[in-house]
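Content type mmCIF, C-alpha atoms, from the file target19.cif:
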```
data_input
#
loop_
_atom_site.label_atom_id
_atom_site.label_comp_id
_atom_site.auth_asym_id
_atom_site.auth_seq_id
_atom_site.Cartn_x
_atom_site.Cartn_y
_atom_site.Cartn_z
CA MET G 1300 -169.83 -56.58 -40.16
CA LYS G 1301 -166.20 -56.30 -39.13
CA SER G 1302 -165.57 -57.45 -35.56
CA GLU G 1303 -163.93 -55.02 -33.16
CA GLU G 1304 -160.19 -55.61 -32.68
CA PRO G 1305 -159.14 -56.96 -29.26
CA SER G 1306 -157.93 -54.30 -26.85
CA GLU G 1307 -157.42 -53.44 -23.21
CA VAL G 1308 -157.94 -49.98 -21.77
CA LEU G 1309 -155.49 -48.80 -19.12
CA SER G 1310 -156.12 -45.87 -16.78
CA ILE G 1311 -152.82 -44.03 -16.35
CA GLY G 1312 -152.57 -40.77 -14.43
CA GLY G 1313 -156.22 -39.95 -15.08
CA ARG G 1314 -155.94 -40.69 -18.80
CA GLU G 1315 -157.16 -43.71 -20.71
CA VAL G 1316 -154.81 -45.51 -23.10
CA ARG G 1317 -156.12 -48.28 -25.31
CA VAL G 1318 -153.67 -51.13 -25.93
CA THR G 1319 -154.67 -52.87 -29.14
CA HIS G 1320 -153.96 -56.58 -29.64
CA PRO G 1321 -152.60 -56.84 -26.08
CA ASP G 1322 -151.78 -60.56 -26.45
CA LYS G 1323 -149.74 -60.12 -29.63
CA PRO G 1324 -146.30 -61.75 -29.16
CA TYR G 1325 -143.51 -59.14 -29.20
CA PHE G 1326 -140.65 -61.30 -27.89
CA SER G 1327 -140.78 -65.05 -28.48
CA ARG G 1328 -137.24 -66.41 -28.24
CA ASP G 1329 -135.21 -66.35 -24.98
CA ILE G 1330 -138.06 -64.53 -23.27
CA LYS G 1331 -141.80 -64.48 -23.97
CA LEU G 1332 -143.44 -61.05 -23.92
CA THR G 1333 -146.71 -59.78 -25.35
CA LYS G 1334 -147.40 -56.20 -26.34
CA LEU G 1335 -149.23 -55.67 -23.04
CA ASP G 1336 -146.23 -57.08 -21.15
CA LEU G 1337 -144.03 -54.49 -22.89
CA VAL G 1338 -146.42 -51.67 -22.00
CA ARG G 1339 -146.48 -52.81 -18.37
CA TYR G 1340 -142.67 -52.94 -18.30
CA TYR G 1341 -142.49 -49.32 -19.42
CA LEU G 1342 -145.08 -48.27 -16.86
CA SER G 1343 -143.00 -49.97 -14.15
CA VAL G 1344 -139.94 -47.87 -15.09
CA ALA G 1345 -141.85 -44.76 -16.16
CA SER G 1346 -140.13 -42.50 -13.62
CA GLY G 1347 -136.79 -43.12 -15.34
CA ALA G 1348 -137.96 -43.68 -18.92
CA VAL G 1349 -140.06 -40.50 -19.08
CA ALA G 1350 -137.21 -38.47 -17.58
CA GLY G 1351 -135.09 -39.46 -20.58
CA ILE G 1352 -137.61 -38.28 -23.18
CA ARG G 1353 -139.71 -35.61 -21.44
CA ASP G 1354 -140.08 -32.34 -23.38
CA ARG G 1355 -138.20 -33.78 -26.37
CA PRO G 1356 -139.51 -34.61 -29.84
CA VAL G 1357 -139.44 -38.37 -30.39
CA VAL G 1358 -138.89 -40.40 -33.55
CA LEU G 1359 -141.19 -43.40 -33.59
CA LYS G 1360 -139.22 -46.56 -34.41
CA ARG G 1361 -142.08 -49.01 -34.84
CA PHE G 1362 -141.77 -52.78 -34.58
CA VAL G 1363 -145.35 -53.57 -35.55
CA HIS G 1364 -144.51 -57.25 -36.05
CA GLY G 1365 -142.57 -57.61 -32.81
CA ALA G 1366 -138.86 -57.68 -32.03
CA ASP G 1367 -138.06 -60.16 -34.82
CA GLY G 1368 -139.87 -58.12 -37.48
CA GLU G 1369 -138.50 -55.34 -39.65
CA PRO G 1370 -138.99 -51.92 -37.99
CA PHE G 1371 -139.67 -48.65 -39.73
CA TYR G 1372 -139.08 -45.06 -38.66
CA GLN G 1373 -141.97 -42.63 -38.44
CA LYS G 1374 -141.10 -39.01 -37.83
CA ARG G 1375 -144.53 -37.52 -38.36
CA ALA G 1376 -147.05 -37.71 -35.53
CA PRO G 1377 -150.00 -40.03 -36.28
CA ALA G 1378 -153.21 -38.19 -37.15
CA GLY G 1379 -155.28 -40.19 -34.67
CA ARG G 1380 -153.31 -39.22 -31.59
CA PRO G 1381 -154.99 -38.15 -28.33
CA ARG G 1382 -155.61 -34.44 -27.83
CA TRP G 1383 -153.49 -34.41 -24.69
CA LEU G 1384 -150.31 -35.41 -26.58
CA ARG G 1385 -148.13 -32.47 -27.60
CA THR G 1386 -146.29 -32.11 -30.89
CA VAL G 1387 -143.58 -29.77 -32.23
CA THR G 1388 -142.43 -29.09 -35.77
CA LEU G 1389 -138.82 -29.95 -36.56
CA SER G 1390 -136.82 -28.99 -39.62
CA PHE G 1391 -134.26 -31.41 -41.04
CA PRO G 1392 -130.99 -31.07 -43.01
CA SER G 1393 -132.92 -32.02 -46.16
CA GLY G 1394 -135.10 -28.93 -45.79
CA ARG G 1395 -138.21 -30.96 -44.97
CA THR G 1396 -140.19 -30.53 -41.77
CA ALA G 1397 -142.21 -32.90 -39.60
CA GLU G 1398 -144.57 -32.57 -36.68
CA GLU G 1399 -143.23 -34.99 -34.05
CA ILE G 1400 -144.68 -36.41 -30.86
CA VAL G 1401 -143.59 -35.09 -27.45
CA VAL G 1402 -144.05 -37.43 -24.47
CA ASP G 1403 -144.36 -35.80 -21.05
CA ASP G 1404 -145.88 -38.51 -18.87
CA ALA G 1405 -146.50 -42.22 -18.41
CA ALA G 1406 -149.73 -42.15 -20.44
CA GLY G 1407 -147.92 -40.73 -23.45
CA LEU G 1408 -145.19 -43.34 -22.98
CA ALA G 1409 -147.75 -46.18 -23.00
CA TRP G 1410 -149.44 -44.69 -26.07
CA ILE G 1411 -146.29 -44.77 -28.23
CA VAL G 1412 -145.33 -48.25 -26.98
CA ASN G 1413 -148.75 -49.41 -28.17
CA LEU G 1414 -147.70 -48.25 -31.66
CA GLY G 1415 -144.89 -50.80 -31.58
CA CYS G 1416 -142.12 -48.56 -30.22
CA ILE G 1417 -139.97 -51.14 -28.46
CA GLU G 1418 -137.18 -48.53 -28.26
CA LEU G 1419 -137.43 -44.82 -27.38
CA HIS G 1420 -135.63 -42.39 -29.71
CA PRO G 1421 -135.67 -38.77 -28.47
CA HIS G 1422 -133.82 -35.90 -30.10
CA ALA G 1423 -131.09 -34.08 -28.15
CA VAL G 1424 -133.14 -30.88 -27.89
CA ARG G 1425 -135.94 -29.52 -25.74
CA THR G 1426 -139.13 -28.11 -27.22
CA GLY G 1427 -138.25 -24.59 -26.07
CA ASP G 1428 -135.24 -24.41 -28.43
CA LEU G 1429 -135.12 -26.94 -31.26
CA ASP G 1430 -131.88 -25.61 -32.72
CA ARG G 1431 -129.60 -25.86 -29.66
CA PRO G 1432 -129.06 -29.26 -28.01
CA ASP G 1433 -128.91 -29.61 -24.25
CA GLU G 1434 -127.01 -32.89 -24.48
CA LEU G 1435 -123.62 -34.05 -25.77
CA ARG G 1436 -123.94 -37.72 -26.71
CA ILE G 1437 -120.91 -40.01 -26.54
CA ASP G 1438 -121.74 -43.28 -28.28
CA LEU G 1439 -119.24 -46.12 -27.76
CA ASP G 1440 -119.71 -48.57 -30.64
CA PRO G 1441 -117.43 -51.64 -30.60
CA GLY G 1442 -116.40 -53.24 -33.88
CA PRO G 1443 -117.03 -56.94 -34.58
CA GLY G 1444 -115.16 -59.14 -32.13
CA VAL G 1445 -114.19 -56.29 -29.78
CA PRO G 1446 -114.69 -57.57 -26.21
CA TRP G 1447 -116.99 -55.91 -23.70
CA ALA G 1448 -113.98 -55.31 -21.43
CA ASP G 1449 -112.59 -52.89 -24.03
CA VAL G 1450 -115.87 -50.96 -24.09
CA ARG G 1451 -115.67 -50.55 -20.31
CA ARG G 1452 -112.04 -49.40 -20.53
CA VAL G 1453 -112.89 -46.79 -23.16
CA ALA G 1454 -115.82 -45.62 -21.03
CA MET G 1455 -113.49 -45.02 -18.10
CA GLU G 1456 -111.03 -43.21 -20.38
CA ALA G 1457 -113.90 -40.99 -21.51
CA LYS G 1458 -114.88 -40.28 -17.90
CA GLY G 1459 -111.32 -39.20 -17.11
CA LEU G 1460 -111.34 -36.73 -20.00
CA LEU G 1461 -114.77 -35.40 -19.03
CA ASP G 1462 -113.55 -34.81 -15.49
CA GLU G 1463 -110.60 -32.80 -16.83
CA LEU G 1464 -112.97 -30.73 -18.96
CA GLY G 1465 -115.25 -29.96 -16.01
CA LEU G 1466 -118.12 -31.99 -17.48
CA ARG G 1467 -120.17 -34.72 -15.86
CA GLY G 1468 -120.98 -37.86 -17.81
CA TRP G 1469 -123.92 -40.17 -17.15
CA ALA G 1470 -123.24 -43.68 -18.42
CA LYS G 1471 -125.63 -46.42 -19.48
CA THR G 1472 -125.42 -49.65 -21.38
CA SER G 1473 -126.71 -49.31 -24.93
CA GLY G 1474 -128.69 -52.50 -24.42
CA SER G 1475 -126.73 -54.07 -27.24
CA ARG G 1476 -122.91 -54.28 -27.49
CA GLY G 1477 -121.95 -50.72 -26.64
CA MET G 1478 -122.32 -47.98 -24.09
CA HIS G 1479 -123.68 -44.42 -24.09
CA ILE G 1480 -122.44 -41.48 -22.05
CA ASN G 1481 -124.74 -38.47 -21.97
CA VAL G 1482 -123.51 -35.06 -20.88
CA ARG G 1483 -125.91 -32.24 -20.03
CA ILE G 1484 -124.79 -28.92 -21.55
CA HIS G 1485 -126.12 -25.39 -21.53
CA GLN G 1486 -128.26 -24.61 -24.58
CA ARG G 1487 -125.79 -22.15 -26.08
CA TRP G 1488 -124.39 -24.07 -29.05
CA THR G 1489 -125.79 -25.18 -32.39
CA PHE G 1490 -125.84 -28.79 -33.59
CA THR G 1491 -122.78 -28.09 -35.74
CA GLU G 1492 -120.85 -26.74 -32.76
CA VAL G 1493 -121.87 -29.66 -30.52
CA ARG G 1494 -120.80 -32.14 -33.20
CA ARG G 1495 -117.48 -30.28 -33.55
CA ALA G 1496 -116.95 -30.67 -29.81
CA ALA G 1497 -117.86 -34.38 -30.01
CA LEU G 1498 -115.34 -34.94 -32.80
CA ALA G 1499 -112.60 -33.27 -30.74
CA PHE G 1500 -113.57 -35.46 -27.77
CA SER G 1501 -113.41 -38.63 -29.89
CA ARG G 1502 -109.99 -37.73 -31.29
CA GLU G 1503 -108.61 -36.98 -27.84
CA VAL G 1504 -109.80 -40.30 -26.42
CA GLU G 1505 -108.25 -42.03 -29.43
CA ARG G 1506 -104.92 -40.32 -28.69
CA ARG G 1507 -105.08 -41.46 -25.07
CA ALA G 1508 -106.08 -45.03 -25.90
CA PRO G 1509 -104.57 -45.83 -29.32
CA GLY G 1510 -105.60 -49.20 -30.67
CA LEU G 1511 -108.39 -49.38 -28.10
CA ALA G 1512 -110.49 -46.39 -29.21
CA THR G 1513 -111.01 -44.85 -32.64
CA SER G 1514 -112.59 -41.74 -34.14
CA LYS G 1515 -112.42 -43.06 -37.73
CA TRP G 1516 -115.75 -42.82 -39.56
CA TRP G 1517 -115.08 -45.46 -42.20
CA LYS G 1518 -115.46 -48.96 -40.75
CA GLU G 1519 -112.57 -50.33 -42.79
CA GLU G 1520 -110.23 -47.93 -40.97
CA ARG G 1521 -111.46 -48.60 -37.44
CA ARG G 1522 -109.72 -50.58 -34.74
CA GLY G 1523 -111.47 -51.17 -31.43
CA VAL G 1524 -114.28 -49.04 -30.00
CA PHE G 1525 -115.63 -46.27 -32.24
CA LEU G 1526 -116.67 -43.00 -30.57
CA ASP G 1527 -119.47 -41.99 -32.94
CA TYR G 1528 -119.27 -38.20 -33.02
CA ASN G 1529 -121.97 -38.06 -35.72
CA GLN G 1530 -124.63 -39.04 -33.20
CA ASN G 1531 -124.51 -35.32 -32.36
CA ALA G 1532 -125.48 -34.20 -35.87
CA LYS G 1533 -128.95 -32.77 -36.30
CA ASP G 1534 -131.69 -35.36 -36.93
CA ARG G 1535 -129.72 -38.21 -35.28
CA THR G 1536 -131.22 -40.09 -32.33
CA THR G 1537 -130.10 -42.88 -30.02
CA CYS G 1538 -132.15 -45.04 -27.71
CA SER G 1539 -132.75 -43.41 -24.34
CA ALA G 1540 -132.53 -44.71 -20.79
CA TYR G 1541 -134.65 -47.77 -19.96
CA SER G 1542 -135.30 -48.51 -23.65
CA VAL G 1543 -135.85 -52.16 -24.45
CA ARG G 1544 -133.73 -53.45 -27.34
CA PRO G 1545 -135.03 -55.97 -29.90
CA LEU G 1546 -132.67 -58.75 -28.80
CA PRO G 1547 -133.75 -62.30 -27.92
CA ASP G 1548 -133.40 -61.66 -24.16
CA ALA G 1549 -135.10 -58.21 -24.21
CA ARG G 1550 -132.12 -56.32 -22.85
CA VAL G 1551 -132.53 -52.81 -21.55
CA SER G 1552 -130.40 -49.71 -22.02
CA THR G 1553 -129.68 -49.25 -18.33
CA PRO G 1554 -128.19 -46.25 -16.46
CA LEU G 1555 -125.26 -47.17 -14.23
CA THR G 1556 -123.12 -45.49 -11.61
CA TRP G 1557 -119.45 -45.08 -12.54
CA ASP G 1558 -118.51 -47.49 -9.76
CA GLU G 1559 -120.48 -50.20 -11.57
CA ILE G 1560 -118.79 -49.77 -14.96
CA PRO G 1561 -115.59 -51.85 -14.42
CA ASP G 1562 -117.55 -55.02 -13.59
CA CYS G 1563 -120.91 -54.56 -15.30
CA ASP G 1564 -122.41 -57.15 -17.64
CA PRO G 1565 -125.02 -55.88 -20.14
CA ALA G 1566 -126.76 -59.28 -20.14
CA ALA G 1567 -127.74 -58.69 -16.51
CA PHE G 1568 -130.12 -55.87 -17.45
CA THR G 1569 -133.39 -57.06 -18.99
CA VAL G 1570 -137.10 -56.31 -18.72
CA LYS G 1571 -137.20 -58.90 -15.92
CA THR G 1572 -134.44 -57.35 -13.77
CA VAL G 1573 -134.46 -53.60 -14.42
CA PRO G 1574 -137.80 -52.70 -12.76
CA GLY G 1575 -136.62 -54.20 -9.46
CA ARG G 1576 -133.25 -52.50 -9.82
CA LEU G 1577 -134.87 -49.09 -10.34
CA SER G 1578 -137.24 -49.65 -7.42
CA SER G 1579 -134.49 -50.68 -4.99
CA LEU G 1580 -131.52 -48.56 -6.11
CA GLY G 1581 -133.22 -45.54 -7.63
CA ASP G 1582 -132.30 -43.92 -10.93
CA PRO G 1583 -128.55 -43.23 -11.40
CA ASN G 1584 -129.56 -40.48 -13.87
CA GLU G 1585 -131.43 -38.52 -11.22
CA GLY G 1586 -129.91 -35.07 -11.01
CA MET G 1587 -128.70 -35.02 -14.61
CA ASP G 1588 -130.74 -31.95 -15.56
CA ALA G 1589 -129.15 -29.95 -12.76
CA ALA G 1590 -125.60 -30.73 -13.95
CA ALA G 1591 -125.37 -28.78 -17.21
CA GLY G 1592 -121.84 -27.82 -18.24
CA SER G 1593 -119.92 -25.81 -20.84
CA LEU G 1594 -118.40 -26.91 -24.16
CA ASP G 1595 -115.85 -24.07 -24.17
CA ALA G 1596 -112.90 -26.30 -23.26
CA LEU G 1597 -113.82 -28.91 -25.86
CA LEU G 1598 -114.22 -26.28 -28.56
CA GLU G 1599 -110.77 -24.94 -27.67
CA LEU G 1600 -109.45 -28.48 -28.14
CA ALA G 1601 -111.22 -28.60 -31.53
CA ALA G 1602 -109.53 -25.34 -32.53
CA ARG G 1603 -106.11 -26.75 -31.60
CA ASP G 1604 -106.78 -29.86 -33.70
CA GLU G 1605 -107.78 -27.73 -36.66
CA ALA G 1606 -104.72 -25.51 -36.30
CA ALA G 1607 -102.60 -28.67 -36.35
CA GLY G 1608 -104.13 -29.70 -39.67
CA LEU G 1609 -106.94 -31.99 -38.51
CA GLY G 1610 -109.93 -30.89 -40.58
CA ASP G 1611 -113.53 -31.92 -40.30
CA ALA G 1612 -114.36 -35.63 -40.46
CA PRO G 1613 -117.08 -37.17 -42.67
CA TRP G 1614 -120.70 -36.37 -41.93
CA PRO G 1615 -123.58 -38.85 -42.34
CA PRO G 1616 -124.37 -39.48 -46.01
CA HIS G 1617 -127.70 -37.60 -46.14
CA PHE G 1618 -126.12 -34.31 -45.00
CA GLN G 1619 -124.95 -31.75 -47.51
CA LYS G 1620 -121.20 -31.42 -48.01
CA MET G 1621 -119.75 -29.28 -45.24
CA ALA G 1622 -116.96 -26.69 -45.47
CA GLY G 1623 -113.62 -28.24 -44.56
CA GLU G 1624 -114.97 -31.80 -44.75
CA ALA G 1625 -112.71 -34.40 -46.34
CA LYS G 1626 -113.86 -36.40 -49.35
CA ARG G 1627 -116.98 -38.29 -48.31
CA VAL G 1628 -116.08 -41.65 -49.80
CA ALA G 1629 -114.71 -44.78 -48.19
CA PRO G 1630 -110.98 -45.30 -48.87
CA SER G 1631 -111.71 -48.62 -50.58
CA ARG G 1632 -113.98 -46.84 -53.06
CA ALA G 1633 -111.84 -43.82 -53.75
CA LYS G 1634 -111.19 -43.66 -57.50
CA GLY G 1635 -107.97 -41.80 -57.23
CA VAL G 1636 -105.68 -39.85 -54.98
CA ALA G 1637 -103.77 -36.81 -56.11
CA LYS G 1638 -100.13 -37.58 -56.75
CA ALA G 1639 -97.76 -36.35 -54.11
CA LYS G 1640 -95.42 -33.68 -55.40
CA LYS G 1641 -92.24 -35.43 -54.32
CA ALA G 1642 -93.31 -38.98 -53.67
CA PRO G 1643 -95.68 -40.28 -56.32
CA ALA G 1644 -95.30 -43.82 -54.94
CA THR G 1645 -97.22 -42.98 -51.78
CA ARG G 1646 -100.68 -43.51 -53.28
CA ARG G 1647 -103.13 -44.82 -50.73
CA ALA G 1648 -104.09 -48.42 -51.41
CA LYS G 1649 -107.76 -49.24 -51.89
CA MET G 1650 -109.18 -51.81 -49.51
CA PRO G 1651 -110.30 -55.08 -51.18
CA LEU G 1652 -113.83 -55.15 -49.80
CA ILE G 1653 -116.62 -57.45 -50.94
CA VAL G 1654 -120.27 -57.62 -49.85
CA VAL G 1655 -121.34 -61.09 -48.73
CA ALA G 1656 -124.85 -60.49 -47.33
CA ASN G 1657 -127.74 -58.00 -47.29
CA SER G 1658 -130.83 -58.65 -45.20
CA THR G 1659 -133.54 -56.85 -43.27
CA LYS G 1660 -132.82 -59.38 -40.49
CA LYS G 1661 -129.41 -59.24 -38.84
CA ASP G 1662 -129.47 -62.95 -37.98
CA ALA G 1663 -130.04 -63.83 -41.64
CA ALA G 1664 -127.17 -61.60 -42.74
CA LEU G 1665 -124.79 -63.19 -40.21
CA ALA G 1666 -125.93 -66.64 -41.31
CA GLY G 1667 -125.00 -65.60 -44.85
CA LEU G 1668 -121.53 -64.68 -43.60
CA GLU G 1669 -121.12 -68.17 -42.14
CA ARG G 1670 -122.17 -69.72 -45.46
CA TRP G 1671 -119.59 -67.56 -47.25
CA LYS G 1672 -116.88 -68.73 -44.81
CA ALA G 1673 -117.89 -72.36 -45.38
CA LYS G 1674 -117.73 -71.83 -49.13
CA HIS G 1675 -114.31 -70.13 -48.96
CA PRO G 1676 -112.55 -71.78 -45.98
CA GLU G 1677 -109.02 -70.95 -47.17
CA ALA G 1678 -109.76 -67.25 -47.44
CA ALA G 1679 -111.77 -67.24 -44.19
CA ALA G 1680 -108.76 -68.62 -42.31
CA TYR G 1681 -106.83 -65.40 -43.04
CA LEU G 1682 -109.51 -63.00 -41.75
CA ALA G 1683 -108.78 -60.94 -38.65
CA VAL G 1684 -111.59 -59.98 -36.28
CA ASP G 1685 -111.85 -56.48 -37.73
CA ASP G 1686 -111.88 -57.72 -41.33
CA VAL G 1687 -115.60 -58.49 -40.96
CA LEU G 1688 -117.69 -55.32 -41.22
CA VAL G 1689 -121.31 -55.54 -40.06
CA ASP G 1690 -123.07 -52.38 -41.19
CA SER G 1691 -126.43 -51.24 -39.84
CA MET G 1692 -127.90 -49.52 -42.87
CA ARG G 1693 -130.74 -47.04 -42.66
CA GLY G 1694 -132.93 -45.52 -45.32
CA ARG G 1695 -135.65 -42.96 -44.84
CA SER G 1696 -138.06 -45.50 -43.36
CA SER G 1697 -136.29 -48.88 -43.38
CA THR G 1698 -133.27 -50.59 -41.89
CA TRP G 1699 -131.19 -53.55 -42.96
CA THR G 1700 -127.86 -55.24 -42.25
CA ARG G 1701 -125.00 -55.38 -44.72
CA VAL G 1702 -122.03 -57.68 -44.12
CA ARG G 1703 -118.75 -56.95 -45.88
CA VAL G 1704 -115.42 -58.75 -45.76
CA ASN G 1705 -112.05 -57.03 -46.07
CA LEU G 1706 -109.68 -59.34 -47.98
CA ARG G 1707 -106.54 -57.31 -47.20
CA ASN G 1708 -104.95 -60.22 -45.30
CA VAL G 1709 -105.93 -62.86 -47.86
CA PRO G 1710 -103.25 -63.74 -50.47
CA ASP G 1711 -104.19 -62.52 -53.95
CA ALA G 1712 -104.15 -66.04 -55.37
CA ILE G 1713 -107.02 -67.22 -53.16
CA ARG G 1714 -109.08 -64.05 -52.83
CA PRO G 1715 -112.72 -64.82 -53.72
CA PRO G 1716 -114.33 -62.48 -56.25
CA GLN G 1717 -117.38 -60.36 -55.55
CA GLU G 1718 -120.36 -62.70 -55.86
CA THR G 1719 -124.08 -62.12 -55.51
CA PRO G 1720 -124.61 -61.59 -51.76
CA ASP G 1721 -126.46 -64.38 -49.93
CA PRO G 1722 -129.01 -63.27 -48.91
CA ASP G 1723 -129.37 -60.22 -51.12
CA ASP G 1724 -132.29 -58.32 -49.63
CA ASP G 1725 -131.54 -54.57 -49.86
CA PRO G 1726 -134.82 -52.63 -49.44
CA THR G 1727 -133.36 -49.57 -51.20
CA ARG G 1728 -132.32 -51.40 -54.37
CA GLU G 1729 -135.57 -50.73 -56.22
CA TRP G 1730 -135.42 -47.04 -55.37
CA ARG G 1731 -131.76 -46.77 -56.38
CA GLU G 1732 -132.49 -48.53 -59.69
CA TRP G 1733 -135.35 -46.13 -60.32
CA MET G 1734 -133.05 -43.16 -59.59
CA ARG G 1735 -130.39 -44.55 -61.92
CA LYS G 1736 -132.90 -44.92 -64.75
CA ALA G 1737 -134.37 -41.49 -64.04
CA LYS G 1738 -130.94 -39.88 -64.26
CA GLY G 1739 -130.24 -41.73 -67.49
CA LYS G 1740 -133.54 -40.59 -68.97
CA SER G 1741 -132.83 -37.01 -67.88
CA ALA G 1742 -129.46 -37.11 -69.59
CA ASP G 1743 -131.02 -38.51 -72.77
CA ASP G 1744 -133.67 -35.77 -72.78
CA GLY G 1745 -131.00 -33.12 -72.32
CA SER G 1746 -129.03 -34.31 -75.32
CA ALA G 1747 -131.99 -34.46 -77.68
#
```

Once you've parsed the file, please lay out its structure as C-alpha cells.
Amino acid sequence: MKSEEPSEVLSIGGREVRVTHPDKPYFSRDIKLTKLDLVRYYLSVASGAVAGIRDRPVVLKRFVHGADGEPFYQKRAPAGRPRWLRTVTLSFPSGRTAEEIVVDDAAGLAWIVNLGCIELHPHAVRTGDLDRPDELRIDLDPGPGVPWADVRRVAMEAKGLLDELGLRGWAKTSGSRGMHINVRIHQRWTFTEVRRAALAFSREVERRAPGLATSKWWKEERRGVFLDYNQNAKDRTTCSAYSVRPLPDARVSTPLTWDEIPDCDPAAFTVKTVPGRLSSLGDPNEGMDAAAGSLDALLELAARDEAAGLGDAPWPPHFQKMAGEAKRVAPSRAKGVAKAKKAPATRRAKMPLIVVANSTKKDAALAGLERWKAKHPEAAAYLAVDDVLVDSMRGRSSTWTRVRVNLRNVPDAIRPPQETPDPDDDPTREWREWMRKAKGKSADDGSA
C-alpha cells in the first residue's frame, strides 16, 4: 500500500490549504529555504503580493524541483483545484484558449505557491475585460555588463517622461538585474494600442538618453538598457510585486518609492528583509489602482513617429506578422537587403554571430562561455561588454539560456568558426527536427 505523501495543512482566512512535501528544499545555495518557508514568506507579504495579482488571470511558472531546477509554464488551471478558486478563459494570438487561475486572496496565493510557483506571473488585464489592459508595463532590461547605476538612471529618465505625459509610474526592482515600472491606465485600449504606446515611450526615452537606453528589439543592435515594449503584447507576463526570483539569495521584486531609486541596491531585497520592510514602511504600491491615466498623449507621440517614417518594430516570434512591421529577422541572419537605387554600396553588413552555449541552466551556459573564452583567448581579448549576448529562450512549456558571441571586433584572421556549443542542451531541438522532417515529407508527398 502506497504511503501518504508528507504534508502540512494551513488554515488561511477560513480556508484550508495543504502544503505537500513541506520540507522539500527550494533554495539551497546562499540561503536555505524549504517549500513551506516559501509559502510562509508569501503569507507574510500577502497584502502586497495579492494586490499585484488580484482579479487577474495568472500563468503558473512552476519550479517543481526548486529554484535550481528547470521550470515549466502551465497556462491551464489544474483539474484538482479547490472549488473556491476562480478561473477565466483567455484566448491567445495562436487562436488557442486556456482556462487560467485567478487568485483573489492569501489562500489562493498559498495554493499556487504549493504548486512550485516561486514567481507570480499575472496578465495585464482584469477578469471583467480580458481584451483591454489596465496596465502599461515598462520593463528595463540591461544588457550584459551594463551597470545597475545605468538602470537607475534610465528609470529616472522614464519617470520624467511619464510626468510630462500626465501618467504616474510605480517602480520596483525586477528581482534580477532590471527594473519594472507599472502604470495604471483606463481600460479603453486594446493590447495592440497599448503596445504601440509602449513602443513610442521606449523610442522617446532612447532619444533622451542615447547610448544609455535602447528600444532595439534585436540584441545585437542594443546598447545599454533595453525598454522592452513587447512586454505589453497580448499573452506576455512579467513577475509581479513581491515575487521571489530563483536566484541563489532569493531576491524579491520589490516596490520602491521614487526617492529610493537613485541609491537602491537590488541585493538588499530578499525573502529575509522584505517582510519587515513591508510591515514597517507599508506598500509603496498602495493607491496604484486609484491612479489610472490616459494613453492619448503617448498615442499622439506614436503617430508623430509613424509620420516621420518610424514604422512598427518587431513583435515576439510566436505572433503573426503585423501590418507595417519590419522584416522579423535579426540583422545578422538577413539573407539580403534590397539594393539602394543610388548607392548600391550601402548594403547592411551581417553581424558575425556564433552560438557558444545552450543549456536549461543559466549557470551552465555561462560556464560554457568561460570555457569558450579559455579556448580562444586571442579572440576573447577583443570582445566588448555588449558583444556577449545572453538570451533567455522560451518555448511553449520550457525555458533555456543561449549564449552568443558577436565577433565584429575580432580580426578576421583569428575569428573562431561556429563550433558545437558547449553545453548544447536545447529542449526544442527534437521538436524542430521533427518539424523539419515533417515539412520535407510533406513536400515529397506533394511532388509525387

For range 1466-1476 of chain G: contacts at 6 Å, all atoms listed in the file, fewer than 6 positions along chain excluded, given as a PyMOL selection string: chain G and resi 1482+1544+1550-1555+1592

Could you dump the residues just selected with C-alpha atoms as an mmCIF file, in the frame of the given file?
```cif
data_model
loop_
_atom_site.group_PDB
_atom_site.id
_atom_site.type_symbol
_atom_site.label_atom_id
_atom_site.label_comp_id
_atom_site.auth_asym_id
_atom_site.auth_seq_id
_atom_site.Cartn_x
_atom_site.Cartn_y
_atom_site.Cartn_z
ATOM 1 C CA VAL G 1482 -123.510 -35.060 -20.880
ATOM 2 C CA ARG G 1544 -133.730 -53.450 -27.340
ATOM 3 C CA ARG G 1550 -132.120 -56.320 -22.850
ATOM 4 C CA VAL G 1551 -132.530 -52.810 -21.550
ATOM 5 C CA SER G 1552 -130.400 -49.710 -22.020
ATOM 6 C CA THR G 1553 -129.680 -49.250 -18.330
ATOM 7 C CA PRO G 1554 -128.190 -46.250 -16.460
ATOM 8 C CA LEU G 1555 -125.260 -47.170 -14.230
ATOM 9 C CA GLY G 1592 -121.840 -27.820 -18.240
#
```

Starting from the displayed file, determine the output of the PyMOL selection byres ((chain G and resi 1516) around 10) and express the residue list as an mmCIF file with C-alpha atoms, keeping the file's coordinate frame.
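In the end it all went to part10.cif:
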```cif
data_model
loop_
_atom_site.group_PDB
_atom_site.id
_atom_site.type_symbol
_atom_site.label_atom_id
_atom_site.label_comp_id
_atom_site.auth_asym_id
_atom_site.auth_seq_id
_atom_site.Cartn_x
_atom_site.Cartn_y
_atom_site.Cartn_z
ATOM 1 C CA THR G 1513 -111.010 -44.850 -32.640
ATOM 2 C CA SER G 1514 -112.590 -41.740 -34.140
ATOM 3 C CA LYS G 1515 -112.420 -43.060 -37.730
ATOM 4 C CA TRP G 1517 -115.080 -45.460 -42.200
ATOM 5 C CA LYS G 1518 -115.460 -48.960 -40.750
ATOM 6 C CA GLU G 1519 -112.570 -50.330 -42.790
ATOM 7 C CA GLU G 1520 -110.230 -47.930 -40.970
ATOM 8 C CA ARG G 1521 -111.460 -48.600 -37.440
ATOM 9 C CA PHE G 1525 -115.630 -46.270 -32.240
ATOM 10 C CA LEU G 1526 -116.670 -43.000 -30.570
ATOM 11 C CA ASP G 1527 -119.470 -41.990 -32.940
ATOM 12 C CA TYR G 1528 -119.270 -38.200 -33.020
ATOM 13 C CA ASN G 1529 -121.970 -38.060 -35.720
ATOM 14 C CA ALA G 1612 -114.360 -35.630 -40.460
ATOM 15 C CA PRO G 1613 -117.080 -37.170 -42.670
ATOM 16 C CA TRP G 1614 -120.700 -36.370 -41.930
ATOM 17 C CA PRO G 1615 -123.580 -38.850 -42.340
ATOM 18 C CA ARG G 1627 -116.980 -38.290 -48.310
ATOM 19 C CA ALA G 1629 -114.710 -44.780 -48.190
#
```

Expected selection from the PyMOL selection byres ((chain G and resi 1718) around 12), given as a PyMOL selection string: chain G and resi 1652-1656+1671+1674-1675+1703-1704+1714-1717+1719-1723

Test item: residues at most 10 Å from Gln1530 in chain G, only C-alpha atoms, excluding those fewer than 3 positions along its chain, as a PyMOL selection string: chain G and resi 1423+1435-1438+1494+1497+1526-1527+1533-1537+1614-1615
